[in-house]
file start12.csv (CSV, C-alpha atoms)
chain,number,residue,atom,x,y,z
A,1,MET,CA,-40.3,60.6,97.6
A,2,PRO,CA,-43.1,58.5,96.2
A,3,HIS,CA,-46.1,60.8,96.9
A,4,ASP,CA,-48.0,58.9,94.2
A,5,ILE,CA,-48.4,56.0,96.6
A,6,SER,CA,-49.1,57.9,99.8
A,7,ALA,CA,-52.8,57.4,99.2
A,8,VAL,CA,-52.2,53.6,98.8
A,9,ILE,CA,-50.1,53.5,102.0
A,10,ALA,CA,-52.6,55.6,104.0
A,11,ALA,CA,-55.6,53.4,102.9
A,12,THR,CA,-53.8,50.1,103.5
A,13,ALA,CA,-52.6,51.2,106.9
A,14,ARG,CA,-56.1,52.2,107.8
A,15,TRP,CA,-57.4,48.8,106.7
A,16,LEU,CA,-54.9,47.1,109.0
A,17,VAL,CA,-55.9,49.2,112.0
A,18,ARG,CA,-59.6,48.7,111.3
A,19,ALA,CA,-59.2,44.9,110.9
A,20,TYR,CA,-57.0,44.7,114.0
A,21,PRO,CA,-58.1,47.5,116.4
A,22,PRO,CA,-55.8,49.2,118.9
A,23,ALA,CA,-56.1,49.2,122.7
A,24,PRO,CA,-58.6,51.8,124.0
A,25,GLY,CA,-57.6,55.5,124.1
A,26,VAL,CA,-56.5,58.1,121.6
A,27,LEU,CA,-52.8,57.7,122.3
A,28,ASN,CA,-53.0,53.9,121.7
A,29,ALA,CA,-54.9,54.6,118.4
A,30,VAL,CA,-52.4,57.0,117.0
A,31,LEU,CA,-49.4,54.8,118.1
A,32,ALA,CA,-51.0,51.7,116.4
A,33,GLU,CA,-51.7,53.8,113.3
A,34,ALA,CA,-48.1,54.9,113.2
A,35,GLN,CA,-46.9,51.3,113.3
A,36,ALA,CA,-49.4,50.2,110.6
A,37,ARG,CA,-48.3,53.1,108.4
A,38,GLN,CA,-44.6,52.4,108.8
A,39,ALA,CA,-45.2,48.7,107.9
A,40,ALA,CA,-47.4,49.7,104.9
A,41,THR,CA,-44.7,52.2,103.8
A,42,VAL,CA,-41.9,49.7,103.9
A,43,ALA,CA,-44.1,47.1,102.2
A,44,ALA,CA,-45.2,49.6,99.4
A,45,TRP,CA,-41.6,50.8,98.8
A,46,LEU,CA,-40.5,47.1,98.4
A,47,ARG,CA,-43.4,46.2,96.2
A,48,TYR,CA,-43.1,49.3,94.1
A,49,PRO,CA,-39.4,50.0,94.3
A,50,THR,CA,-39.1,52.7,91.6
A,51,HIS,CA,-41.0,55.9,91.0
A,52,LEU,CA,-42.3,54.4,87.8
A,53,ASP,CA,-43.8,51.5,89.7
A,54,ALA,CA,-45.3,53.9,92.2
A,55,ALA,CA,-46.8,56.1,89.5
A,56,LEU,CA,-48.2,53.1,87.7
A,57,VAL,CA,-50.1,51.7,90.7
A,58,ALA,CA,-51.5,55.2,91.4
A,59,ILE,CA,-52.9,55.3,87.9
A,60,ALA,CA,-53.9,51.7,87.4
A,61,GLY,CA,-55.4,51.4,90.9
A,62,PRO,CA,-54.2,49.1,93.8
A,63,GLY,CA,-57.2,46.8,93.6
A,64,GLY,CA,-59.1,47.5,96.8
A,65,SER,CA,-59.8,45.5,99.9
A,66,ALA,CA,-62.5,43.2,98.8
A,67,ARG,CA,-60.7,39.9,99.3
A,68,LEU,CA,-59.0,41.1,102.5
A,69,ASP,CA,-62.4,42.1,103.9
A,70,ARG,CA,-63.7,38.6,103.3
A,71,LEU,CA,-60.7,37.0,104.8
A,72,ALA,CA,-60.7,39.3,107.9
A,73,ASP,CA,-64.5,38.9,108.2
A,74,ALA,CA,-64.7,42.7,108.2
A,75,ASP,CA,-68.0,44.5,108.3
A,76,VAL,CA,-67.9,45.8,104.8
A,77,PRO,CA,-69.8,49.0,104.0
A,78,GLY,CA,-72.1,49.5,101.0
A,79,ARG,CA,-70.8,51.2,97.9
A,80,ASP,CA,-72.4,54.5,98.9
A,81,GLY,CA,-71.1,54.5,102.5
A,82,PRO,CA,-68.3,56.8,103.6
A,83,ASP,CA,-66.0,53.8,104.1
A,84,HIS,CA,-66.2,52.6,100.5
A,85,ALA,CA,-63.9,55.3,99.0
A,86,TRP,CA,-60.7,54.6,100.9
A,87,ARG,CA,-61.1,50.9,100.6
A,88,THR,CA,-60.7,51.1,96.8
A,89,TRP,CA,-57.1,52.5,97.5
A,90,VAL,CA,-56.1,49.4,99.6
A,91,ASP,CA,-53.4,47.2,98.1
A,92,GLU,CA,-53.8,43.6,99.0
A,93,VAL,CA,-50.1,42.7,98.4
A,94,VAL,CA,-48.9,45.7,100.4
A,95,ALA,CA,-51.3,44.8,103.3
A,96,SER,CA,-50.1,41.2,103.2
A,97,TRP,CA,-46.4,42.2,103.3
A,98,ALA,CA,-47.1,44.8,106.0
A,99,ALA,CA,-48.8,42.0,108.1
A,100,CYS,CA,-45.7,39.9,107.6
A,101,LEU,CA,-43.5,42.8,108.8
A,102,LEU,CA,-45.6,43.6,111.8
A,103,THR,CA,-45.5,40.0,113.1
A,104,ASP,CA,-41.9,39.0,112.3
A,105,PRO,CA,-39.2,41.3,113.6
A,106,GLY,CA,-36.5,39.5,111.5
A,107,LEU,CA,-38.5,40.2,108.3
A,108,ALA,CA,-39.1,43.8,109.3
A,109,ALA,CA,-35.4,44.4,109.8
A,110,ALA,CA,-34.5,42.6,106.5
A,111,ALA,CA,-37.2,44.6,104.7
A,112,VAL,CA,-35.9,48.0,106.0
A,113,ALA,CA,-32.4,47.0,105.1
A,114,ALA,CA,-33.5,46.0,101.6
A,115,LEU,CA,-34.7,49.6,101.0
A,116,GLU,CA,-31.2,50.9,101.2
A,117,GLY,CA,-29.8,52.1,97.9
A,118,GLY,CA,-33.3,52.1,96.4
A,119,GLU,CA,-35.1,55.1,94.8
A,120,HIS,CA,-37.3,55.7,97.8
A,121,THR,CA,-34.5,56.3,100.3
A,122,ALA,CA,-32.1,58.0,97.9
A,123,ALA,CA,-32.8,61.6,99.0
A,124,TYR,CA,-32.1,61.2,102.7
A,125,PRO,CA,-32.0,58.4,105.3
A,126,VAL,CA,-35.3,57.2,106.7
A,127,GLU,CA,-35.8,55.2,109.9
A,128,PHE,CA,-38.9,53.1,110.9
A,129,ARG,CA,-38.3,52.6,114.6
A,130,ARG,CA,-41.9,52.0,115.5
A,131,LEU,CA,-42.0,49.1,113.1
A,132,THR,CA,-38.5,47.6,113.7
A,133,ALA,CA,-38.0,48.4,117.4
A,134,PRO,CA,-41.4,49.1,119.0
A,135,ASP,CA,-41.1,50.1,122.7
A,136,GLU,CA,-43.3,48.9,125.5
A,137,ARG,CA,-45.9,51.6,124.8
A,138,ASP,CA,-46.0,50.8,121.0
A,139,ARG,CA,-46.6,47.1,121.7
A,140,HIS,CA,-49.2,47.8,124.4
A,141,ALA,CA,-51.1,50.1,121.9
A,142,ALA,CA,-51.3,47.4,119.1
A,143,PRO,CA,-51.7,43.9,120.7
A,144,LEU,CA,-53.9,42.6,117.8
A,145,LEU,CA,-51.9,44.2,115.0
A,146,ARG,CA,-48.7,42.5,116.3
A,147,HIS,CA,-50.3,39.1,116.9
A,148,PRO,CA,-48.8,36.5,114.4
A,149,ASP,CA,-51.8,34.1,114.8
A,150,LEU,CA,-54.4,36.8,114.1
A,151,LEU,CA,-52.6,38.1,111.1
A,152,ALA,CA,-51.5,34.8,109.7
A,153,THR,CA,-54.2,34.5,107.0
A,154,VAL,CA,-53.5,38.0,105.6
A,155,ALA,CA,-49.7,37.6,105.9
A,156,GLY,CA,-49.8,34.2,104.2
A,157,LEU,CA,-51.6,35.5,101.1
A,158,HIS,CA,-48.4,36.9,99.6
A,159,GLN,CA,-45.6,36.0,102.0
A,160,SER,CA,-43.7,33.8,99.5
A,161,GLN,CA,-43.5,36.8,97.2
A,162,LEU,CA,-42.1,38.9,100.0
A,163,LEU,CA,-39.5,36.3,100.8
A,164,GLU,CA,-38.5,36.1,97.1
A,165,ARG,CA,-38.2,39.9,97.0
A,166,LEU,CA,-36.0,39.9,100.1
A,167,GLN,CA,-33.8,37.1,98.8
A,168,GLY,CA,-32.3,39.3,96.2
A,169,ASP,CA,-34.8,39.7,93.4
A,170,PRO,CA,-33.2,42.9,92.0
A,171,VAL,CA,-35.3,45.9,91.3
A,172,GLY,CA,-36.8,45.8,87.8
A,173,ALA,CA,-35.7,42.3,87.0
A,174,ASP,CA,-39.1,40.7,87.0
B,175,MET,CA,-52.4,69.4,110.2
B,176,THR,CA,-52.7,66.2,108.4
B,177,GLN,CA,-54.1,66.4,104.9
B,178,GLU,CA,-55.7,64.2,102.4
B,179,ALA,CA,-53.2,62.2,100.4
B,180,ARG,CA,-52.0,63.6,97.1
B,181,SER,CA,-53.1,67.1,97.9
B,182,ASP,CA,-50.9,70.2,98.1
B,183,VAL,CA,-47.4,68.7,98.1
B,184,THR,CA,-45.9,71.6,96.4
B,185,GLY,CA,-42.2,71.1,97.0
B,186,THR,CA,-41.7,74.7,98.0
B,187,ASP,CA,-41.9,74.1,101.8
B,188,ASP,CA,-38.9,73.2,103.9
B,189,VAL,CA,-38.9,70.7,106.6
B,190,VAL,CA,-37.7,73.0,109.4
B,191,ALA,CA,-40.4,75.5,108.6
B,192,LEU,CA,-43.0,72.7,108.5
B,193,LEU,CA,-42.0,71.3,111.9
B,194,MET,CA,-41.8,74.7,113.5
B,195,ARG,CA,-45.3,75.4,112.3
B,196,GLN,CA,-46.3,72.2,114.0
B,197,HIS,CA,-44.6,73.4,117.2
B,198,GLY,CA,-46.8,76.5,117.0
B,199,ASP,CA,-49.9,74.3,116.5
B,200,ILE,CA,-49.0,72.1,119.5
B,201,HIS,CA,-48.7,75.3,121.7
B,202,ARG,CA,-52.0,76.5,120.4
B,203,LEU,CA,-53.7,73.2,121.1
B,204,PHE,CA,-52.4,73.1,124.7
B,205,MET,CA,-54.0,76.5,125.2
B,206,GLU,CA,-57.2,75.3,123.7
B,207,VAL,CA,-57.4,72.3,126.0
B,208,GLU,CA,-56.8,74.6,129.0
B,209,ARG,CA,-59.4,77.1,127.9
B,210,SER,CA,-62.2,74.7,127.0
B,211,GLU,CA,-64.4,72.5,129.1
B,212,GLY,CA,-66.4,69.2,128.8
B,213,ASP,CA,-66.6,67.7,125.4
B,214,ALA,CA,-64.8,70.6,123.7
B,215,ARG,CA,-61.8,70.0,126.1
B,216,ARG,CA,-62.0,66.2,125.3
B,217,ASP,CA,-61.9,67.0,121.5
B,218,ALA,CA,-59.0,69.4,121.8
B,219,PHE,CA,-57.1,67.0,123.9
B,220,ARG,CA,-57.6,64.3,121.3
B,221,SER,CA,-56.3,66.6,118.6
B,222,LEU,CA,-53.3,67.4,120.8
B,223,VAL,CA,-52.4,63.8,121.4
B,224,ARG,CA,-52.7,63.0,117.8
B,225,LEU,CA,-50.6,65.9,116.7
B,226,LEU,CA,-47.9,65.2,119.3
B,227,ALA,CA,-47.6,61.5,118.2
B,228,VAL,CA,-47.7,62.3,114.5
B,229,HIS,CA,-45.1,65.1,114.9
B,230,GLU,CA,-42.8,62.9,117.0
B,231,THR,CA,-43.1,60.0,114.5
B,232,ALA,CA,-42.2,62.3,111.6
B,233,GLU,CA,-39.1,63.6,113.4
B,234,GLU,CA,-38.0,60.0,114.2
B,235,GLU,CA,-38.4,58.9,110.6
B,236,VAL,CA,-36.9,61.9,108.7
B,237,VAL,CA,-35.2,64.4,111.0
B,238,HIS,CA,-33.3,62.4,113.6
B,239,PRO,CA,-31.6,60.0,111.1
B,240,PHE,CA,-30.2,63.0,109.1
B,241,ALA,CA,-29.1,64.9,112.3
B,242,ARG,CA,-27.3,61.8,113.6
B,243,ARG,CA,-25.1,61.8,110.5
B,244,ALA,CA,-24.9,65.4,109.6
B,245,PHE,CA,-22.9,67.0,112.4
B,246,ASP,CA,-20.5,66.3,115.2
B,247,GLY,CA,-22.4,65.6,118.4
B,248,GLY,CA,-25.6,64.8,116.4
B,249,GLU,CA,-26.0,61.4,117.9
B,250,GLN,CA,-26.0,62.9,121.4
B,251,VAL,CA,-28.4,65.7,120.5
B,252,VAL,CA,-30.9,63.1,119.1
B,253,GLU,CA,-30.5,60.9,122.1
B,254,ASP,CA,-31.3,63.8,124.4
B,255,ARG,CA,-34.4,64.6,122.4
B,256,LEU,CA,-35.6,61.0,122.4
B,257,ARG,CA,-35.3,60.8,126.2
B,258,GLU,CA,-37.4,63.9,126.6
B,259,GLU,CA,-40.0,62.5,124.2
B,260,ARG,CA,-40.2,59.2,126.1
B,261,GLU,CA,-40.7,61.2,129.4
B,262,ALA,CA,-43.4,63.3,127.8
B,263,LYS,CA,-45.1,60.3,126.4
B,264,GLU,CA,-45.4,58.8,129.9
B,265,MET,CA,-47.2,61.9,131.1
B,266,LEU,CA,-49.4,62.0,128.0
B,267,SER,CA,-50.4,58.4,128.6
B,268,GLU,CA,-51.4,59.2,132.2
B,269,LEU,CA,-53.5,62.2,131.0
B,270,ASP,CA,-55.1,60.0,128.3
B,271,ARG,CA,-56.4,57.7,131.0
B,272,MET,CA,-57.8,60.5,133.1
B,273,ASN,CA,-61.2,62.3,132.8
B,274,PRO,CA,-60.4,65.8,131.4
B,275,ASP,CA,-62.8,67.2,134.1
B,276,ASP,CA,-60.8,65.6,136.9
B,277,PRO,CA,-59.3,68.4,139.0
B,278,ARG,CA,-55.9,66.8,138.7
B,279,PHE,CA,-56.0,67.0,134.9
B,280,LEU,CA,-55.1,70.6,134.3
B,281,PRO,CA,-52.1,70.8,136.7
B,282,LYS,CA,-50.7,67.7,135.0
B,283,LEU,CA,-51.4,69.1,131.5
B,284,ARG,CA,-49.6,72.4,132.4
B,285,ALA,CA,-46.6,70.4,133.6
B,286,LEU,CA,-46.6,68.5,130.3
B,287,ARG,CA,-46.9,71.7,128.4
B,288,GLU,CA,-43.8,73.1,130.0
B,289,ASP,CA,-41.8,70.0,129.2
B,290,VAL,CA,-43.0,69.8,125.6
B,291,LEU,CA,-42.4,73.4,124.9
B,292,GLU,CA,-38.9,73.2,126.4
B,293,HIS,CA,-38.3,70.1,124.3
B,294,ALA,CA,-39.4,72.0,121.2
B,295,ARG,CA,-37.1,74.9,122.0
B,296,SER,CA,-34.2,72.5,122.4
B,297,GLU,CA,-35.0,70.9,119.0
B,298,GLU,CA,-35.1,74.3,117.3
B,299,ARG,CA,-31.9,75.4,118.9
B,300,TYR,CA,-29.8,72.2,118.6
B,301,GLU,CA,-31.2,70.2,115.8
B,302,PHE,CA,-33.2,72.4,113.4
B,303,ALA,CA,-30.5,75.1,113.3
B,304,GLN,CA,-27.9,72.4,112.3
B,305,LEU,CA,-30.3,71.0,109.7
B,306,ARG,CA,-30.6,74.4,108.1
B,307,ARG,CA,-26.8,74.6,108.1
B,308,HIS,CA,-26.0,71.2,106.7
B,309,ALA,CA,-28.9,70.4,104.3
B,310,ASP,CA,-29.3,72.4,101.1
B,311,PRO,CA,-32.8,73.9,100.2
B,312,GLN,CA,-33.6,71.0,97.9
B,313,LYS,CA,-33.0,68.4,100.6
B,314,LEU,CA,-35.0,70.4,103.1
B,315,ALA,CA,-37.9,70.6,100.6
B,316,SER,CA,-37.6,66.9,99.9
B,317,MET,CA,-37.7,66.0,103.6
B,318,ALA,CA,-40.8,68.3,103.9
B,319,LYS,CA,-42.5,66.3,101.2
B,320,GLY,CA,-41.6,63.1,103.0
B,321,VAL,CA,-43.1,64.4,106.3
B,322,LYS,CA,-46.3,65.5,104.5
B,323,ALA,CA,-46.6,62.1,102.7
B,324,ALA,CA,-46.2,60.3,106.0
B,325,GLU,CA,-49.0,62.4,107.6
B,326,ALA,CA,-51.4,62.0,104.7
B,327,MET,CA,-54.8,60.7,105.5
B,328,ALA,CA,-56.5,58.0,103.5
B,329,PRO,CA,-58.4,59.3,100.4
B,330,THR,CA,-62.1,60.3,100.7
B,331,ARG,CA,-62.7,59.6,97.0
B,332,PRO,CA,-62.7,56.2,95.3
B,333,HIS,CA,-59.8,55.4,93.0
B,334,PRO,CA,-61.0,56.5,89.5
B,335,GLY,CA,-60.2,53.1,88.0
B,336,VAL,CA,-62.3,51.2,90.5
B,337,GLU,CA,-65.1,50.4,88.0
B,338,SER,CA,-62.9,49.1,85.3
B,339,ALA,CA,-60.9,47.2,87.9
B,340,ALA,CA,-64.0,45.4,89.0
B,341,LYS,CA,-64.7,44.5,85.4
B,342,ASN,CA,-61.1,43.3,84.9
B,343,MET,CA,-61.4,40.9,87.8
B,344,ALA,CA,-62.4,38.3,85.3
B,345,LEU,CA,-58.8,38.5,84.0
B,346,GLY,CA,-57.4,37.3,87.3
B,347,PRO,CA,-56.4,38.7,90.7
B,348,VAL,CA,-55.6,42.4,90.8
B,349,ALA,CA,-52.1,41.8,92.0
B,350,ALA,CA,-51.3,39.7,88.9
B,351,LEU,CA,-52.9,42.4,86.7
B,352,MET,CA,-50.6,45.0,88.3
B,353,ASP,CA,-47.6,42.8,87.6
B,354,ARG,CA,-48.6,42.3,84.0
B,355,THR,CA,-49.2,46.1,83.5
B,356,ARG,CA,-45.8,46.9,85.0
B,357,ASP,CA,-44.0,44.4,82.8
B,358,ALA,CA,-45.7,45.7,79.7
B,359,VAL,CA,-44.7,49.3,80.5
B,360,ARG,CA,-41.2,48.4,81.4
B,361,LYS,CA,-40.9,46.5,78.1
B,362,ALA,CA,-42.3,49.5,76.2
B,363,MET,CA,-39.8,51.8,77.9
B,364,GLY,CA,-36.9,49.5,77.1
B,365,ASN,CA,-36.1,48.8,80.8
call {"tool": "encode", "arguments": {"input": "start12.csv", "output": "structure tokens"}}
result
Amino acid sequence: MPHDISAVIAATARWLVRAYPPAPGVLNAVLAEAQARQAATVAAWLRYPTHLDAALVAIAGPGGSARLDRLADADVPGRDGPDHAWRTWVDEVVASWAACLLTDPGLAAAAVAALEGGEHTAAYPVEFRRLTAPDERDRHAAPLLRHPDLLATVAGLHQSQLLERLQGDPVGAD
Amino acid sequence: MTQEARSDVTGTDDVVALLMRQHGDIHRLFMEVERSEGDARRDAFRSLVRLLAVHETAEEEVVHPFARRAFDGGEQVVEDRLREEREAKEMLSELDRMNPDDPRFLPKLRALREDVLEHARSEERYEFAQLRRHADPQKLASMAKGVKAAEAMAPTRPHPGVESAAKNMALGPVAALMDRTRDAVRKAMGN
């Protein structure tokens, strides 16, 4: 399991939930977070398909949320604020791919299928039901996060790269 | 329950022990909600809702897929647990919309507690026992790592490379920089 990128996944999921807030209530918040995290996990495992890739991004740094914050018109905290730290762990490509998966069920299913046989799913089977088959309550919890129009700008940033990846770009060939 | 990312993933834990500890924490939080009042009850209820949802998501991701494939009747065992979880979530949602000081809150919470604890006992008896039987210790440890990673919180410290990354922005977008780094390392390693 790629623990090296769990920080990147957690921060990127948090960025998505902050930018596209859940419906009111703690249950809605935690269900929206689970969907964002599953999307960020699948996106990160696709983007960094080997443990080497995962280790590298953890060392080199994922780049942070600066451009995403500008695009989403987010209220960005100062460098000394408590929100600054986790934002440095946000990965723009992972956020963009996760946005694609959250708003296109076909892409989400294809992305999860593409993980099969890869290093991240080698040890045991993993399912991402909240991402690929959200029930009524999941959808109710995250109306903005699942809205294609609202996420279009972020999704569009790196969508073509995701489509290339899903169209058979083999691991390690680039 | 949750932890900051990258901390304390030792590999010595096993997924059944981890999830059973969470069952204990869930029981404890139910008691805490019942015992407390006002804001303290509200806070404890928030923690309970969060833990229930995080725990259930981890089981859906890691435990149920393995159980389905690992033993005869696994599919049915998982379906039964998922049905119980859906029912519990309906009650949880009703409670989430109520004021915790409402006189109807505690009776409903106690009913939910009975259902959730019965569900946990069924998991331990029908699913976790089979997991222990069919997965070797290494796999159980690996699944525990997966659950911990999935429950990791976002970091509270900036990435150590953030200063140099800002300086490197002049070289191009960070994503492109990452791709170039990866290519260079792969080449160096002969991949």
call {"tool": "closest_residue", "arguments": {"input": "start12.csv", "among": "A:Thr132, A:Gln38, A:Thr50, A:Gln167", "to": "Ala98 (chain A)", "atoms": "only C-alpha atoms"}}
result
A:Gln38
call {"tool": "closest_atom_pairs", "arguments": {"input": "start12.csv", "of": "chain B", "to": "chain A", "cutoff": "6 Å", "atoms": "all atoms listed in the file", "output": "CSV"}}
result
residue,atom,partner,partner_atom,distance
B:Ala179,CA,A:Ala7,CA,5.0
B:Glu235,CA,A:Glu127,CA,4.6
B:Val236,CA,A:Val126,CA,5.4
B:Ala323,CA,A:Ser6,CA,5.7
B:Met327,CA,A:Ala10,CA,5.8
B:Ala328,CA,A:Ala10,CA,4.6
B:Pro329,CA,A:Trp86,CA,5.3
B:Thr330,CA,A:Ala85,CA,5.6
B:Arg331,CA,A:Ala85,CA,4.9
B:Pro332,CA,A:Ala85,CA,4.0
B:His333,CA,A:Thr88,CA,5.8
B:Gly335,CA,A:Gly61,CA,5.9
B:Val348,CA,A:Gly63,CA,5.5
call {"tool": "closest_residue", "arguments": {"input": "start12.csv", "among": "A:Leu101, A:Ala44, A:Ala55, A:Leu71", "to": "Leu145 (chain A)", "atoms": "all atoms listed in the file"}}
result
A:Leu101
call {"tool": "atom_distance", "arguments": {"input": "start12.csv", "atom1": "CA of Pro148 (chain A)", "atom2": "CA of Leu162 (chain A)"}}
result
16.1 Å
call {"tool": "atom_distance", "arguments": {"input": "start12.csv", "atom1": "CA of Lys322 (chain B)", "atom2": "CA of Asp199 (chain B)"}}
result
15.3 Å
call {"tool": "residues_around", "arguments": {"input": "start12.csv", "residues": "Gly212 (chain B)", "least_positions_apart": "3", "cutoff": "8 Å", "atoms": "all atoms listed in the file", "output": "list in words"}}
result
Arg215, Arg216, Pro274 and Asp275 of chain B
call {"tool": "closest_residue", "arguments": {"input": "start12.csv", "among": "A:Ala19, A:Leu68, A:Val154, A:Val112", "to": "Ala43 (chain A)", "atoms": "all atoms listed in the file"}}
result
A:Val112
call {"tool": "atom_distance", "arguments": {"input": "start12.csv", "atom1": "CA of Gly320 (chain B)", "atom2": "CA of Glu249 (chain B)"}}
result
21.6 Å
call {"tool": "decode", "arguments": {"input": "start12.csv", "residues": "region 270-293 of chain B", "atoms": "C-alpha atoms", "output": "CSV table (one decimal), in the first residue's frame"}}
result
chain,number,residue,atom,x,y,z
B,270,ASP,CA,-28.2,14.0,12.9
B,271,ARG,CA,-31.2,16.3,12.0
B,272,MET,CA,-32.4,16.4,15.6
B,273,ASN,CA,-31.4,18.6,18.5
B,274,PRO,CA,-29.5,16.3,20.9
B,275,ASP,CA,-31.5,17.9,23.8
B,276,ASP,CA,-34.8,16.9,22.2
B,277,PRO,CA,-36.5,14.3,24.5
B,278,ARG,CA,-36.9,11.9,21.6
B,279,PHE,CA,-33.1,11.9,20.9
B,280,LEU,CA,-31.9,9.5,23.6
B,281,PRO,CA,-34.5,6.7,23.0
B,282,LYS,CA,-33.7,6.8,19.3
B,283,LEU,CA,-30.0,6.8,20.1
B,284,ARG,CA,-30.4,3.8,22.3
B,285,ALA,CA,-32.3,1.9,19.6
B,286,LEU,CA,-29.5,2.7,17.1
B,287,ARG,CA,-26.9,1.6,19.7
B,288,GLU,CA,-28.6,-1.8,20.0
B,289,ASP,CA,-28.7,-2.2,16.2
B,290,VAL,CA,-25.1,-1.1,15.7
B,291,LEU,CA,-23.7,-3.3,18.4
B,292,GLU,CA,-25.6,-6.3,17.1
B,293,HIS,CA,-24.3,-5.6,13.7
